[in-house]
Amino acid sequence: SQTIHQWPATLVQPVGSPLSLECTVEGTSNPNLYWYRQAAGRGLQLLFYSIGIDQISSEVPQNLSASRPQDRQFILSSKKLLLSDSGFYLCAWSPKGKGGTEAFFGQGTRLTVV
Amino acid sequence: DQQVKQNSPSLSVQEGRISILNCDYTNSMFDYFLWYKKYPAEGPTFLISISSIKDKNEDGRFTVFLNKSAKHLSLHIVPSQPGDSAVYFCAASYRDDKIIFGKGTRLHILP
């Protein structure tokens with residue numbers, strides 16, 4: 001069966017520090033991968049979407065970047081965190097080629113920038 | 001520009017009654033719609049979906065209705081139970097492409 005791992009679960013970082021959140025998927029190959037952020041009053045905002053290695057779409061201009069160095073690994077990064085980067089970050093995957101299917105989410109990372 | 005809209009931030013329903021959660025969308029190219037349930041500090045979990053070629057899909061206590069002409073879908077939960085209290089997200093996708101979510105509706109089931 002497929003599983004998705006996301007870590008860390010919580011993170012407190014000072015303003016200006018770097019960020020690296022990692023997500024890995026097991027039990028499937030060539031998945032679509034997503035990074036979402038849930039901020040107060042804004043729902044689940046799609047940040048990045050990837051259909052394959054080194055194929056990443058950025059959905060909103062921001063202080064963050066994403067990379068996909070391996071087929072089932074998706075990394076969310078920042079060189080210098082801002083206070084506004086605080087939020088609940090969620091990684092998700094969906095199978096490819098099914099013409100419409102659900103995404104499966106990790107447990108999320110609560111990031112607090114202080 | 002929000003392509004998926006949930007205009008009710010919260011909804012309170014008596015236990016045992018029907019909960020109706022609404023969602024509107026603007027992109028007529030969406031061909032697949034989904035509902036997710038989310039508890040605090042957890043990732044969303046998939047509830048039910050519907051293809052744009054259908055107007056209704058039922059799974060146990062959950063039914064999703066799609067009105068393509070109105071670009072509107074709704075999730076019905078009947079009967080509502082205390083464990084249904086959560087945030088519900090409506091989502092839409094186009095041809096296996098990225099999945100766009102609404103802002104969510106917090107459902108409170110009252111005893």
# chains A, B, ... in the order shown; residues from 1 in each chain; ligands from 1
>>> residues_around(residues="Ile53 in chain A", least_positions_apart="6", cutoff="12 Å", atoms="only C-alpha atoms", output="PyMOL selection string")
chain A and resi 29-33+66-75
>>> write_last_selection(atoms="N, CA, C and O atoms", output="PDB file, in the first residue's frame")
ATOM      1  N   SER A  29       4.915   4.763  -7.938  1.00  0.00           N
ATOM      2  CA  SER A  29       5.970   5.389  -8.731  1.00  0.00           C
ATOM      3  C   SER A  29       5.363   6.476  -9.603  1.00  0.00           C
ATOM      4  O   SER A  29       4.175   6.441  -9.953  1.00  0.00           O
ATOM      5  N   ASN A  30       6.203   7.460  -9.909  1.00  0.00           N
ATOM      6  CA  ASN A  30       5.806   8.575 -10.776  1.00  0.00           C
ATOM      7  C   ASN A  30       4.528   9.280 -10.316  1.00  0.00           C
ATOM      8  O   ASN A  30       3.634   9.549 -11.125  1.00  0.00           O
ATOM      9  N   PRO A  31       4.427   9.575  -9.032  1.00  0.00           N
ATOM     10  CA  PRO A  31       3.211  10.256  -8.576  1.00  0.00           C
ATOM     11  C   PRO A  31       3.262  11.739  -8.900  1.00  0.00           C
ATOM     12  O   PRO A  31       4.323  12.319  -9.129  1.00  0.00           O
ATOM     13  N   ASN A  32       2.090  12.371  -8.911  1.00  0.00           N
ATOM     14  CA  ASN A  32       2.031  13.826  -8.837  1.00  0.00           C
ATOM     15  C   ASN A  32       2.258  14.189  -7.375  1.00  0.00           C
ATOM     16  O   ASN A  32       1.733  13.525  -6.483  1.00  0.00           O
ATOM     17  N   LEU A  33       3.018  15.244  -7.138  1.00  0.00           N
ATOM     18  CA  LEU A  33       3.299  15.666  -5.770  1.00  0.00           C
ATOM     19  C   LEU A  33       2.907  17.121  -5.580  1.00  0.00           C
ATOM     20  O   LEU A  33       3.005  17.931  -6.515  1.00  0.00           O
ATOM     21  N   ALA A  66      10.605  24.807  -4.209  1.00  0.00           N
ATOM     22  CA  ALA A  66      10.430  23.360  -4.074  1.00  0.00           C
ATOM     23  C   ALA A  66      11.369  22.646  -5.021  1.00  0.00           C
ATOM     24  O   ALA A  66      11.726  23.182  -6.080  1.00  0.00           O
ATOM     25  N   SER A  67      11.762  21.447  -4.630  1.00  0.00           N
ATOM     26  CA  SER A  67      12.610  20.627  -5.485  1.00  0.00           C
ATOM     27  C   SER A  67      12.157  19.177  -5.404  1.00  0.00           C
ATOM     28  O   SER A  67      11.568  18.754  -4.402  1.00  0.00           O
ATOM     29  N   ARG A  68      12.428  18.459  -6.455  1.00  0.00           N
ATOM     30  CA  ARG A  68      12.071  17.041  -6.509  1.00  0.00           C
ATOM     31  C   ARG A  68      13.298  16.280  -7.013  1.00  0.00           C
ATOM     32  O   ARG A  68      13.378  15.955  -8.198  1.00  0.00           O
ATOM     33  N   PRO A  69      14.240  16.023  -6.126  1.00  0.00           N
ATOM     34  CA  PRO A  69      15.482  15.371  -6.561  1.00  0.00           C
ATOM     35  C   PRO A  69      15.313  13.902  -6.949  1.00  0.00           C
ATOM     36  O   PRO A  69      16.106  13.375  -7.729  1.00  0.00           O
ATOM     37  N   GLN A  70      14.297  13.262  -6.405  1.00  0.00           N
ATOM     38  CA  GLN A  70      14.008  11.876  -6.749  1.00  0.00           C
ATOM     39  C   GLN A  70      12.519  11.738  -7.034  1.00  0.00           C
ATOM     40  O   GLN A  70      11.724  12.606  -6.663  1.00  0.00           O
ATOM     41  N   ASP A  71      12.154  10.647  -7.648  1.00  0.00           N
ATOM     42  CA  ASP A  71      10.773  10.462  -8.102  1.00  0.00           C
ATOM     43  C   ASP A  71       9.757  10.612  -6.974  1.00  0.00           C
ATOM     44  O   ASP A  71       8.674  11.176  -7.167  1.00  0.00           O
ATOM     45  N   ARG A  72      10.094  10.121  -5.783  1.00  0.00           N
ATOM     46  CA  ARG A  72       9.117  10.117  -4.691  1.00  0.00           C
ATOM     47  C   ARG A  72       9.536  10.997  -3.528  1.00  0.00           C
ATOM     48  O   ARG A  72       9.127  10.785  -2.401  1.00  0.00           O
ATOM     49  N   GLN A  73      10.346  12.001  -3.820  1.00  0.00           N
ATOM     50  CA  GLN A  73      10.800  12.916  -2.780  1.00  0.00           C
ATOM     51  C   GLN A  73      10.512  14.340  -3.204  1.00  0.00           C
ATOM     52  O   GLN A  73      10.857  14.754  -4.319  1.00  0.00           O
ATOM     53  N   PHE A  74       9.902  15.087  -2.304  1.00  0.00           N
ATOM     54  CA  PHE A  74       9.518  16.461  -2.600  1.00  0.00           C
ATOM     55  C   PHE A  74       9.963  17.318  -1.420  1.00  0.00           C
ATOM     56  O   PHE A  74       9.630  17.013  -0.272  1.00  0.00           O
ATOM     57  N   ILE A  75      10.707  18.368  -1.689  1.00  0.00           N
ATOM     58  CA  ILE A  75      11.288  19.189  -0.634  1.00  0.00           C
ATOM     59  C   ILE A  75      10.820  20.630  -0.775  1.00  0.00           C
ATOM     60  O   ILE A  75      10.845  21.190  -1.885  1.00  0.00           O
TER      61      ILE A  75
END
>>> interface_residues(of="chain B", to="chain A", cutoff="7 Å", atoms="only C-alpha atoms", output="MDAnalysis selection string")
chainID B and resid 32 42:44 46 93 95:96 98 100:104
>>> write_last_selection(atoms="N, CA and C atoms", output="mmCIF file, in the first residue's frame")
data_model
loop_
_atom_site.group_PDB
_atom_site.id
_atom_site.type_symbol
_atom_site.label_atom_id
_atom_site.label_comp_id
_atom_site.auth_asym_id
_atom_site.auth_seq_id
_atom_site.Cartn_x
_atom_site.Cartn_y
_atom_site.Cartn_z
ATOM 1 N N TYR B 32 -13.547 16.974 -12.276
ATOM 2 C CA TYR B 32 -13.569 16.045 -11.144
ATOM 3 C C TYR B 32 -13.616 16.871 -9.873
ATOM 4 N N GLU B 42 -3.973 17.693 11.519
ATOM 5 C CA GLU B 42 -3.867 16.477 10.722
ATOM 6 C C GLU B 42 -4.013 16.821 9.252
ATOM 7 N N GLY B 43 -3.549 15.910 8.392
ATOM 8 C CA GLY B 43 -3.774 16.116 6.978
ATOM 9 C C GLY B 43 -5.219 15.811 6.619
ATOM 10 N N PRO B 44 -5.736 16.430 5.559
ATOM 11 C CA PRO B 44 -7.109 16.142 5.130
ATOM 12 C C PRO B 44 -7.246 14.694 4.680
ATOM 13 N N PHE B 46 -9.710 12.063 2.388
ATOM 14 C CA PHE B 46 -10.679 12.049 1.300
ATOM 15 C C PHE B 46 -12.006 11.471 1.776
ATOM 16 N N SER B 93 -10.429 19.377 -9.855
ATOM 17 C CA SER B 93 -9.250 19.151 -10.689
ATOM 18 C C SER B 93 -9.660 19.042 -12.152
ATOM 19 N N ARG B 95 -8.456 17.072 -15.609
ATOM 20 C CA ARG B 95 -7.673 16.094 -16.343
ATOM 21 C C ARG B 95 -6.438 15.643 -15.583
ATOM 22 N N ASP B 96 -6.619 15.219 -14.365
ATOM 23 C CA ASP B 96 -5.526 14.680 -13.573
ATOM 24 C C ASP B 96 -4.453 15.735 -13.296
ATOM 25 N N LYS B 98 -3.414 19.554 -11.333
ATOM 26 C CA LYS B 98 -3.374 20.008 -9.946
ATOM 27 C C LYS B 98 -4.777 20.097 -9.356
ATOM 28 N N ILE B 100 -7.281 21.922 -6.824
ATOM 29 C CA ILE B 100 -7.492 23.232 -6.215
ATOM 30 C C ILE B 100 -8.542 23.106 -5.122
ATOM 31 N N PHE B 101 -8.232 23.660 -3.948
ATOM 32 C CA PHE B 101 -9.133 23.568 -2.808
ATOM 33 C C PHE B 101 -9.818 24.898 -2.524
ATOM 34 N N GLY B 102 -10.983 24.805 -1.911
ATOM 35 C CA GLY B 102 -11.650 25.968 -1.358
ATOM 36 C C GLY B 102 -11.104 26.303 0.010
ATOM 37 N N LYS B 103 -11.694 27.312 0.646
ATOM 38 C CA LYS B 103 -11.203 27.767 1.948
ATOM 39 C C LYS B 103 -11.707 26.906 3.101
ATOM 40 N N GLY B 104 -12.687 26.072 2.841
ATOM 41 C CA GLY B 104 -13.182 25.183 3.879
ATOM 42 C C GLY B 104 -14.379 25.735 4.626
#
>>> select_by_dssp(residues="chain A", states="strand (DSSP E)", output="PyMOL selection string")
chain A and resi 3-7+10-13+19-26+32-39+43-52+55-58+65-70+73-78+87-94+104-105+109-113
>>> atom_distance(atom1="CA of Lys80 in chain A", atom2="CA of Asp54 in chain A")
22.3 Å
>>> residues_around(residues="range 65-69 of chain B", least_positions_apart="4", cutoff="6 Å", atoms="only C-alpha atoms", output="list in words")
Asp55, Lys56, Leu73 and Ser74 of chain B
>>> atom_distance(atom1="CA of Pro82 in chain B", atom2="CA of Asp59 in chain B")
18.4 Å
>>> atom_distance(atom1="CA of Asn63 in chain A", atom2="CA of Val114 in chain A")
15.8 Å
>>> residues_around(residues="range 15-27 of chain A", least_positions_apart="5", cutoff="6 Å", atoms="only C-alpha atoms", output="count of residues only")
20
>>> closest_residue(among="A:Pro8, A:Thr28, A:Pro14, A:Ile56", to="Asp85 in chain A", atoms="only C-alpha atoms")
A:Pro14
>>> residues_around(residues="Ser19 in chain B", least_positions_apart="4", cutoff="12 Å", atoms="only C-alpha atoms", output="MDAnalysis selection string")
chainID B and resid 10:15 61:64 74:82 84:85 88 105:110
>>> closest_residue(among="A:Trp93, A:Leu64, A:Gly87, A:Leu111", to="Ile99 in chain B", atoms="only C-alpha atoms")
A:Trp93
>>> closest_residue(among="B:Gly83, B:Pro111, B:Phe89, B:Gln6", to="Ser49 in chain B", atoms="only C-alpha atoms")
B:Phe89
